[in-house]
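This is protein_8.cif. It holds mmCIF, C-alpha atoms.
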data_model
loop_
_atom_site.group_PDB
_atom_site.id
_atom_site.type_symbol
_atom_site.label_atom_id
_atom_site.label_comp_id
_atom_site.auth_asym_id
_atom_site.auth_seq_id
_atom_site.Cartn_x
_atom_site.Cartn_y
_atom_site.Cartn_z
ATOM 1 C CA MET A 1 -8.049 -36.749 18.513
ATOM 2 C CA SER A 2 -5.404 -39.072 19.888
ATOM 3 C CA ALA A 3 -1.696 -38.577 19.505
ATOM 4 C CA GLU A 4 -1.622 -41.412 16.993
ATOM 5 C CA ASP A 5 -4.195 -39.678 14.816
ATOM 6 C CA GLU A 6 -2.369 -36.353 14.728
ATOM 7 C CA PRO A 7 -0.652 -35.686 11.361
ATOM 8 C CA THR A 8 3.119 -35.510 11.382
ATOM 9 C CA LEU A 9 4.940 -32.888 9.256
ATOM 10 C CA GLU A 10 8.236 -33.888 7.750
ATOM 11 C CA PRO A 11 10.943 -31.210 7.950
ATOM 12 C CA ALA A 12 11.457 -29.364 4.666
ATOM 13 C CA ALA A 13 14.650 -30.181 2.813
ATOM 14 C CA PRO A 14 17.138 -27.327 2.895
ATOM 15 C CA ASP A 15 17.342 -25.352 -0.311
ATOM 16 C CA SER A 16 20.303 -26.393 -2.428
ATOM 17 C CA PRO A 17 22.575 -23.598 -3.638
ATOM 18 C CA PRO A 18 21.793 -22.373 -7.169
ATOM 19 C CA ARG A 19 23.772 -23.946 -10.002
ATOM 20 C CA GLU A 20 26.593 -21.764 -11.263
ATOM 21 C CA LEU A 21 28.728 -22.412 -14.334
ATOM 22 C CA ARG A 22 32.361 -21.320 -14.204
ATOM 23 C CA PHE A 23 34.859 -21.309 -17.050
ATOM 24 C CA ALA A 24 38.423 -20.133 -17.520
ATOM 25 C CA TYR A 25 40.136 -18.927 -20.688
ATOM 26 C CA VAL A 26 43.692 -18.203 -21.753
ATOM 27 C CA ALA A 27 44.848 -14.833 -23.075
ATOM 28 C CA GLY A 28 43.748 -14.254 -26.643
ATOM 29 C CA VAL A 29 40.360 -15.944 -26.274
ATOM 30 C CA THR A 30 37.414 -13.529 -26.445
ATOM 31 C CA PRO A 31 34.404 -15.261 -24.843
ATOM 32 C CA GLY A 32 32.017 -12.316 -25.063
ATOM 33 C CA LYS A 33 29.760 -13.802 -27.766
ATOM 34 C CA TRP A 34 29.335 -17.069 -25.833
ATOM 35 C CA ILE A 35 28.539 -15.193 -22.636
ATOM 36 C CA ARG A 36 25.849 -13.136 -24.408
ATOM 37 C CA ARG A 37 24.230 -16.243 -25.890
ATOM 38 C CA TRP A 38 24.281 -17.972 -22.509
ATOM 39 C CA GLU A 39 22.578 -15.037 -20.806
ATOM 40 C CA GLU A 40 19.889 -15.062 -23.503
ATOM 41 C CA ARG A 41 19.173 -18.787 -23.276
ATOM 42 C CA MET A 42 20.003 -19.652 -19.656
ATOM 43 C CA PRO A 43 19.324 -16.526 -17.560
ATOM 44 C CA HIS A 44 18.479 -18.678 -14.529
ATOM 45 C CA VAL A 45 22.022 -20.156 -14.345
ATOM 46 C CA PRO A 46 24.720 -17.586 -13.410
ATOM 47 C CA LEU A 47 27.865 -17.679 -15.539
ATOM 48 C CA ARG A 48 31.264 -16.697 -14.128
ATOM 49 C CA SER A 49 34.453 -16.440 -16.190
ATOM 50 C CA PHE A 50 38.075 -15.584 -15.460
ATOM 51 C CA MET A 51 41.367 -15.565 -17.356
ATOM 52 C CA SER A 52 44.150 -18.061 -16.639
ATOM 53 C CA ASP A 53 47.640 -18.249 -18.067
ATOM 54 C CA ASP A 54 48.975 -21.164 -20.103
ATOM 55 C CA GLY A 55 50.596 -22.639 -16.990
ATOM 56 C CA THR A 56 47.322 -22.916 -15.065
ATOM 57 C CA GLN A 57 44.923 -23.663 -17.933
ATOM 58 C CA LEU A 58 44.502 -27.257 -16.718
ATOM 59 C CA SER A 59 45.036 -26.827 -12.990
ATOM 60 C CA VAL A 60 41.813 -24.791 -12.759
ATOM 61 C CA LEU A 61 40.005 -27.958 -13.858
ATOM 62 C CA ARG A 62 41.973 -30.269 -11.571
ATOM 63 C CA ASN A 63 41.351 -28.183 -8.437
ATOM 64 C CA GLY A 64 37.698 -27.455 -9.225
ATOM 65 C CA SER A 65 38.059 -23.703 -9.778
ATOM 66 C CA ALA A 66 36.393 -24.012 -13.182
ATOM 67 C CA ASP A 67 33.928 -26.399 -14.812
ATOM 68 C CA LEU A 68 35.395 -25.815 -18.270
ATOM 69 C CA SER A 69 38.515 -24.160 -19.646
ATOM 70 C CA PHE A 70 39.453 -22.701 -23.007
ATOM 71 C CA VAL A 71 42.995 -23.999 -23.420
ATOM 72 C CA ARG A 72 45.814 -23.634 -25.892
ATOM 73 C CA LEU A 73 46.956 -26.946 -27.330
ATOM 74 C CA PRO A 74 48.843 -29.142 -26.794
ATOM 75 C CA VAL A 75 47.705 -30.275 -23.327
ATOM 76 C CA GLU A 76 47.731 -33.494 -21.347
ATOM 77 C CA ARG A 77 44.334 -35.027 -22.160
ATOM 78 C CA GLU A 78 44.147 -37.801 -19.580
ATOM 79 C CA GLY A 79 40.889 -37.543 -17.641
ATOM 80 C CA LEU A 80 39.631 -34.714 -19.876
ATOM 81 C CA ASN A 81 37.264 -34.207 -22.756
ATOM 82 C CA VAL A 82 38.869 -31.879 -25.297
ATOM 83 C CA ILE A 83 37.168 -30.307 -28.323
ATOM 84 C CA PRO A 84 39.450 -28.393 -30.750
ATOM 85 C CA LEU A 85 37.787 -25.145 -31.843
ATOM 86 C CA TYR A 86 39.991 -23.022 -34.110
ATOM 87 C CA GLU A 87 43.565 -22.312 -35.142
ATOM 88 C CA GLU A 88 45.452 -19.124 -34.288
ATOM 89 C CA GLN A 89 47.580 -17.043 -36.637
ATOM 90 C CA PRO A 90 51.215 -16.781 -35.457
ATOM 91 C CA VAL A 91 53.047 -13.453 -35.450
ATOM 92 C CA VAL A 92 56.591 -12.370 -34.708
ATOM 93 C CA VAL A 93 56.954 -9.531 -32.200
ATOM 94 C CA ALA A 94 60.001 -7.251 -32.352
ATOM 95 C CA PRO A 95 61.065 -3.994 -30.682
ATOM 96 C CA LYS A 96 59.716 -0.855 -32.295
ATOM 97 C CA GLY A 97 61.934 0.294 -35.155
ATOM 98 C CA HIS A 98 63.045 -3.226 -36.094
ATOM 99 C CA GLU A 99 63.413 -3.873 -39.820
ATOM 100 C CA ILE A 100 60.355 -6.155 -39.915
ATOM 101 C CA SER A 101 58.262 -3.019 -39.386
ATOM 102 C CA VAL A 102 58.360 -2.235 -43.112
ATOM 103 C CA PHE A 103 56.704 -5.565 -44.014
ATOM 104 C CA GLU A 104 53.148 -6.798 -43.572
ATOM 105 C CA GLU A 105 54.239 -10.441 -43.455
ATOM 106 C CA VAL A 106 57.550 -12.106 -42.604
ATOM 107 C CA ALA A 107 58.835 -15.609 -43.360
ATOM 108 C CA LEU A 108 60.441 -17.527 -40.508
ATOM 109 C CA GLU A 109 63.369 -18.555 -42.693
ATOM 110 C CA ASP A 110 64.255 -14.878 -43.174
ATOM 111 C CA LEU A 111 64.761 -14.493 -39.420
ATOM 112 C CA ALA A 112 67.363 -17.229 -39.028
ATOM 113 C CA GLU A 113 69.947 -14.770 -37.663
ATOM 114 C CA GLU A 114 67.639 -13.334 -35.010
ATOM 115 C CA THR A 115 67.549 -14.212 -31.306
ATOM 116 C CA PHE A 116 64.230 -15.667 -30.198
ATOM 117 C CA LEU A 117 62.963 -15.560 -26.622
ATOM 118 C CA ASP A 118 61.060 -18.258 -24.719
ATOM 119 C CA ALA A 119 57.958 -16.891 -22.984
ATOM 120 C CA ASP A 120 57.828 -19.721 -20.432
ATOM 121 C CA GLU A 121 61.429 -19.097 -19.328
ATOM 122 C CA LEU A 122 60.691 -15.404 -18.886
ATOM 123 C CA GLY A 123 57.648 -15.862 -16.651
ATOM 124 C CA GLY A 124 54.856 -15.713 -19.191
ATOM 125 C CA GLN A 125 53.804 -13.966 -22.344
ATOM 126 C CA GLU A 126 53.277 -10.491 -20.941
ATOM 127 C CA MET A 127 56.669 -10.440 -19.228
ATOM 128 C CA ALA A 128 58.313 -11.778 -22.387
ATOM 129 C CA LEU A 129 56.788 -8.925 -24.395
ATOM 130 C CA GLN A 130 58.311 -6.434 -21.971
ATOM 131 C CA VAL A 131 61.705 -8.043 -22.631
ATOM 132 C CA VAL A 132 61.110 -7.767 -26.381
ATOM 133 C CA ALA A 133 60.388 -4.045 -25.954
ATOM 134 C CA SER A 134 63.820 -3.664 -24.357
ATOM 135 C CA GLY A 135 65.457 -4.958 -27.537
ATOM 136 C CA ALA A 136 66.699 -8.300 -26.151
ATOM 137 C CA GLY A 137 65.197 -10.428 -28.923
ATOM 138 C CA LEU A 138 62.104 -11.467 -30.882
ATOM 139 C CA LEU A 139 59.118 -13.486 -29.780
ATOM 140 C CA ILE A 140 56.666 -15.735 -31.628
ATOM 141 C CA LEU A 141 53.125 -15.563 -30.294
ATOM 142 C CA PRO A 142 49.552 -16.057 -31.480
ATOM 143 C CA MET A 143 48.242 -12.840 -33.005
ATOM 144 C CA SER A 144 45.373 -12.729 -30.511
ATOM 145 C CA VAL A 145 47.817 -12.760 -27.576
ATOM 146 C CA ALA A 146 49.954 -9.965 -28.988
ATOM 147 C CA ARG A 147 46.837 -7.859 -29.498
ATOM 148 C CA HIS A 148 45.524 -8.675 -26.031
ATOM 149 C CA PHE A 149 48.607 -7.412 -24.171
ATOM 150 C CA ASN A 150 49.474 -4.685 -26.707
ATOM 151 C CA VAL A 151 52.792 -3.811 -25.073
ATOM 152 C CA ARG A 152 54.189 -0.412 -26.035
ATOM 153 C CA ASN A 153 57.365 -0.102 -28.100
ATOM 154 C CA THR A 154 56.752 -3.402 -29.865
ATOM 155 C CA VAL A 155 55.599 -4.276 -33.372
ATOM 156 C CA ALA A 156 53.971 -7.500 -34.536
ATOM 157 C CA ARG A 157 53.862 -8.925 -38.060
ATOM 158 C CA ARG A 158 52.202 -12.029 -39.502
ATOM 159 C CA LEU A 159 54.615 -14.944 -39.623
ATOM 160 C CA THR A 160 54.677 -17.670 -42.276
ATOM 161 C CA GLY A 161 56.500 -20.989 -42.038
ATOM 162 C CA ALA A 162 55.865 -21.316 -38.286
ATOM 163 C CA ALA A 163 53.621 -23.869 -36.613
ATOM 164 C CA GLY A 164 50.315 -22.409 -35.566
ATOM 165 C CA THR A 165 48.550 -22.924 -32.263
ATOM 166 C CA GLN A 166 45.042 -24.139 -31.593
ATOM 167 C CA ILE A 167 42.367 -23.237 -29.054
ATOM 168 C CA ALA A 168 40.230 -25.997 -27.556
ATOM 169 C CA LEU A 169 37.527 -26.387 -24.914
ATOM 170 C CA ALA A 170 38.343 -28.850 -22.108
ATOM 171 C CA TRP A 171 36.456 -30.191 -19.104
ATOM 172 C CA PRO A 172 36.759 -33.224 -16.784
ATOM 173 C CA SER A 173 35.391 -36.339 -18.474
ATOM 174 C CA ASP A 174 33.545 -37.416 -15.319
ATOM 175 C CA ALA A 175 31.810 -34.080 -14.694
ATOM 176 C CA THR A 176 29.465 -33.732 -17.656
ATOM 177 C CA ASP A 177 25.872 -32.682 -16.973
ATOM 178 C CA ASP A 178 23.084 -30.860 -18.821
ATOM 179 C CA VAL A 179 24.394 -27.414 -17.847
ATOM 180 C CA ILE A 180 27.866 -28.181 -19.207
ATOM 181 C CA GLU A 181 26.358 -29.758 -22.328
ATOM 182 C CA GLU A 182 24.317 -26.605 -22.878
ATOM 183 C CA PHE A 183 27.454 -24.447 -22.777
ATOM 184 C CA ILE A 184 29.332 -26.815 -25.106
ATOM 185 C CA GLY A 185 26.491 -26.578 -27.601
ATOM 186 C CA ILE A 186 26.560 -22.781 -27.492
ATOM 187 C CA VAL A 187 30.324 -22.749 -28.106
ATOM 188 C CA ARG A 188 29.910 -25.150 -31.018
ATOM 189 C CA GLY A 189 27.288 -22.898 -32.592
ATOM 190 C CA ARG A 190 24.149 -24.940 -32.010
ATOM 191 C CA THR A 191 20.911 -23.011 -32.121
ATOM 192 C CA ALA A 192 18.464 -22.855 -29.232
ATOM 193 C CA GLN A 193 16.109 -25.178 -31.163
ATOM 194 C CA SER A 194 18.755 -27.848 -31.818
ATOM 195 C CA SER A 195 17.662 -31.294 -30.639
ATOM 196 C CA ARG A 196 21.144 -31.776 -29.169
ATOM 197 C CA GLN A 197 20.657 -28.929 -26.699
ATOM 198 C CA PRO A 198 19.370 -30.108 -23.279
ATOM 199 C CA SER A 199 17.181 -27.011 -22.956
ATOM 200 C CA ALA A 200 15.436 -27.861 -26.246
ATOM 201 C CA ARG A 201 14.751 -31.441 -25.118
ATOM 202 C CA GLN A 202 12.824 -30.383 -22.035
ATOM 203 C CA GLU A 203 9.090 -31.044 -22.226
ATOM 204 C CA LYS A 204 7.229 -27.860 -22.935
ATOM 205 C CA PRO A 205 3.937 -27.182 -21.074
ATOM 206 C CA LYS A 206 0.846 -28.067 -23.052
ATOM 207 C CA LYS A 207 -1.368 -25.224 -24.093
ATOM 208 C CA THR A 208 -4.809 -25.024 -22.461
ATOM 209 C CA PRO A 209 -7.507 -25.520 -25.117
ATOM 210 C CA LYS A 210 -9.519 -22.432 -25.837
ATOM 211 C CA PRO A 211 -13.145 -22.505 -24.581
ATOM 212 C CA ASP A 212 -15.832 -23.142 -27.178
ATOM 213 C CA HIS A 213 -17.985 -20.026 -27.443
ATOM 214 C CA ARG A 214 -20.159 -21.381 -30.230
ATOM 215 C CA GLY A 215 -22.831 -22.650 -27.826
ATOM 216 C CA GLY A 216 -24.539 -26.006 -27.865
ATOM 217 C CA ALA A 217 -23.959 -29.110 -25.819
ATOM 218 C CA GLY A 218 -20.696 -30.057 -27.481
ATOM 219 C CA ALA A 219 -17.910 -28.753 -29.690
ATOM 220 C CA GLY A 220 -19.726 -30.168 -32.703
ATOM 221 C CA ALA A 221 -23.022 -28.430 -32.008
ATOM 222 C CA GLN A 222 -24.594 -26.901 -35.063
ATOM 223 C CA LYS A 223 -24.841 -23.167 -35.378
ATOM 224 C CA PRO A 224 -28.382 -21.770 -35.010
ATOM 225 C CA LYS A 225 -30.067 -20.897 -38.227
ATOM 226 C CA ILE A 226 -30.389 -17.214 -38.987
ATOM 227 C CA ALA A 227 -33.926 -16.051 -39.856
ATOM 228 C CA GLN A 228 -34.350 -14.540 -43.273
ATOM 229 C CA ARG A 229 -34.760 -10.819 -43.186
ATOM 230 C CA TYR A 230 -37.062 -10.601 -46.192
ATOM 231 C CA ALA A 231 -39.785 -12.943 -47.395
ATOM 232 C CA PRO A 232 -38.943 -14.784 -50.603
ATOM 233 C CA ASN A 233 -40.187 -13.194 -53.839
ATOM 234 C CA PRO A 234 -42.935 -15.427 -55.247
ATOM 235 C CA ASP A 235 -42.316 -14.078 -58.753
ATOM 236 C CA LYS A 236 -38.640 -14.923 -58.774
ATOM 237 C CA GLY A 237 -37.854 -17.284 -61.578
ATOM 238 C CA ARG A 238 -41.130 -16.808 -63.507
ATOM 239 C CA GLY A 239 -41.333 -15.389 -66.944
ATOM 240 C CA ARG A 240 -42.587 -11.861 -67.533
ATOM 241 C CA GLY A 241 -46.345 -11.638 -67.477
ATOM 242 C CA SER A 242 -46.741 -15.067 -65.955
ATOM 243 C CA ARG A 243 -48.548 -13.706 -62.880
ATOM 244 C CA LYS A 244 -52.311 -13.994 -63.199
ATOM 245 C CA LYS A 245 -54.323 -10.855 -63.053
ATOM 246 C CA GLY A 246 -57.257 -10.763 -60.716
ATOM 247 C CA LYS A 247 -60.751 -9.683 -61.680
ATOM 248 C CA ARG A 248 -61.604 -6.105 -61.335
#
Entire entry expressed as structure tokens:
Amino acid sequence: MSAEDEPTLEPAAPDSPPRELRFAYVAGVTPGKWIRRWEERMPHVPLRSFMSDDGTQLSVLRNGSADLSFVRLPVEREGLNVIPLYEEQPVVVAPKGHEISVFEEVALEDLAEETFLDADELGGQEMALQVVASGAGLLILPMSVARHFNVRNTVARRLTGAAGTQIALAWPSDATDDVIEEFIGIVRGRTAQSSRQPSARQEKPKKTPKPDHRGGAGAGAQKPKIAQRYAPNPDKGRGRGSRKKGKR
């Protein structure tokens, strides 16, 4: 065999790293149910999650640390897809022993004489709650955030008359693919059989037809006749005494 006739083997393409989906979430969001559904439906795609604070809820998308982010509105939406999910119940947090402790619900107008703190000016929600515990003032937060940090020596009560906050799911508008669409569908409550889920649109392998065990040349071959076990009764259907008697 000449050198020209020898087969040439092309080098194998290097294996690409496995796809991984990463998402961030702000304090107060509990993503456990979405993680469980993802692991049930997409076990071949690893899912990684981490918590971010309100100040970095968008920067994790800008710098590529996360593919999606559960954010607290309002946010700057330029270059992002944003889907509002649900509203949060506001509460007022006060130092333990404050007079709001005797109520289950407090109106904002009844707290006009109180001093309110700004969480952003104090370095974040958790630090602001520590300041509240010291007796320096009150703080308005989403109920889920107050429960998440659960700072000692504070008390939280439902607050009426205050603007609520809203949680949304955000991701870069130019980074959508089937994996991201699958996660969005799970968050929005779509079932695994929904036609809008990429995993449900994938062509399923056809089932191999079962072999025909009936015999014969083709599937339509007739079944062999079964021989009668007993001979037919010649007298069946005749009247009584209709059988001729032979001569003796």
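Selection check: the PyMOL selection byres ((chain A and resi 46-59) around 7) on the shown file gives A:Glu20, A:Leu21, A:Arg22, A:Phe23, A:Ala24, A:Tyr25, A:Val26, A:Ala27, A:Pro43, A:His44, A:Val45, A:Val60, A:Leu61, A:Arg62, A:Asn63, A:Ser69, A:Val71.
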Just the residues within 8 Å of region 84-98 of chain A, please, counting all atoms listed in the file, with nothing from its chain fewer than 5 positions along; format it as a tab-separated table (two decimals) with C-alpha atoms, in the frame of the given file.
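Listing of around_24.tsv after writing:
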chain	number	residue	atom	x	y	z
A	106	VAL	CA	57.55	-12.11	-42.60
A	129	LEU	CA	56.79	-8.93	-24.40
A	132	VAL	CA	61.11	-7.77	-26.38
A	133	ALA	CA	60.39	-4.04	-25.95
A	134	SER	CA	63.82	-3.66	-24.36
A	135	GLY	CA	65.46	-4.96	-27.54
A	137	GLY	CA	65.20	-10.43	-28.92
A	138	LEU	CA	62.10	-11.47	-30.88
A	139	LEU	CA	59.12	-13.49	-29.78
A	140	ILE	CA	56.67	-15.74	-31.63
A	141	LEU	CA	53.12	-15.56	-30.29
A	142	PRO	CA	49.55	-16.06	-31.48
A	143	MET	CA	48.24	-12.84	-33.01
A	144	SER	CA	45.37	-12.73	-30.51
A	146	ALA	CA	49.95	-9.96	-28.99
A	153	ASN	CA	57.36	-0.10	-28.10
A	154	THR	CA	56.75	-3.40	-29.86
A	155	VAL	CA	55.60	-4.28	-33.37
A	156	ALA	CA	53.97	-7.50	-34.54
A	157	ARG	CA	53.86	-8.93	-38.06
A	158	ARG	CA	52.20	-12.03	-39.50
A	159	LEU	CA	54.62	-14.94	-39.62
A	160	THR	CA	54.68	-17.67	-42.28
A	162	ALA	CA	55.86	-21.32	-38.29
A	163	ALA	CA	53.62	-23.87	-36.61
A	164	GLY	CA	50.32	-22.41	-35.57
A	165	THR	CA	48.55	-22.92	-32.26
A	166	GLN	CA	45.04	-24.14	-31.59
A	167	ILE	CA	42.37	-23.24	-29.05
A	168	ALA	CA	40.23	-26.00	-27.56
A	169	LEU	CA	37.53	-26.39	-24.91
A	188	ARG	CA	29.91	-25.15	-31.02
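Comparing the minimum interatomic distances between Val179 (chain A) and each of A:Gly28, A:Glu99, A:Leu68, A:Arg77, counting only C-alpha atoms, we find that A:Leu68 sits nearest.
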- Query: Nearest to Gly185 (chain A) among A:Val102, A:Leu73, A:Ala128, A:Ile83, with distances taken over all atoms listed in the file: which residue is it?
  - Reply: A:Ile83
- Message: So that I can check the surroundings of Glu126 (chain A), please list as a list in words every protein, DNA and RNA residue that reaches within 9 Å of it, counting only C-alpha atoms and ignoring chain neighbours fewer than 6 positions away.
- Response: Ala119, Val145, Ala146, Phe149 and Val151 of chain A
- Which of A:Ser173, A:Glu40, A:Arg19, A:Arg72 sits closest to Ile186 (chain A) [using only C-alpha atoms]: A:Glu40
- Selected residue, from A:Arg36, A:Ile180, A:Ala175, A:Gly161, that lies nearest to Leu108 (chain A) when counting all atoms listed in the file: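 Closest to Leu108 (chain A), using all atoms listed in the file: A:Gly161.
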Hey, can I get the axis-aligned box for region 61-79 of chain A? All listed atoms, 5 Å padding on each side, centre and edge lengths in Å to one decimal, as AutoDock Vina command-line options.
--center_x 41.4 --center_y -30.3 --center_z -17.9 --size_x 24.9 --size_y 25.1 --size_z 28.9
- Can you work out the spacing between CA of Gln125 (chain A) and CA of Val75 (chain A) in Å, to one decimal?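 The value is 17.4 Å.
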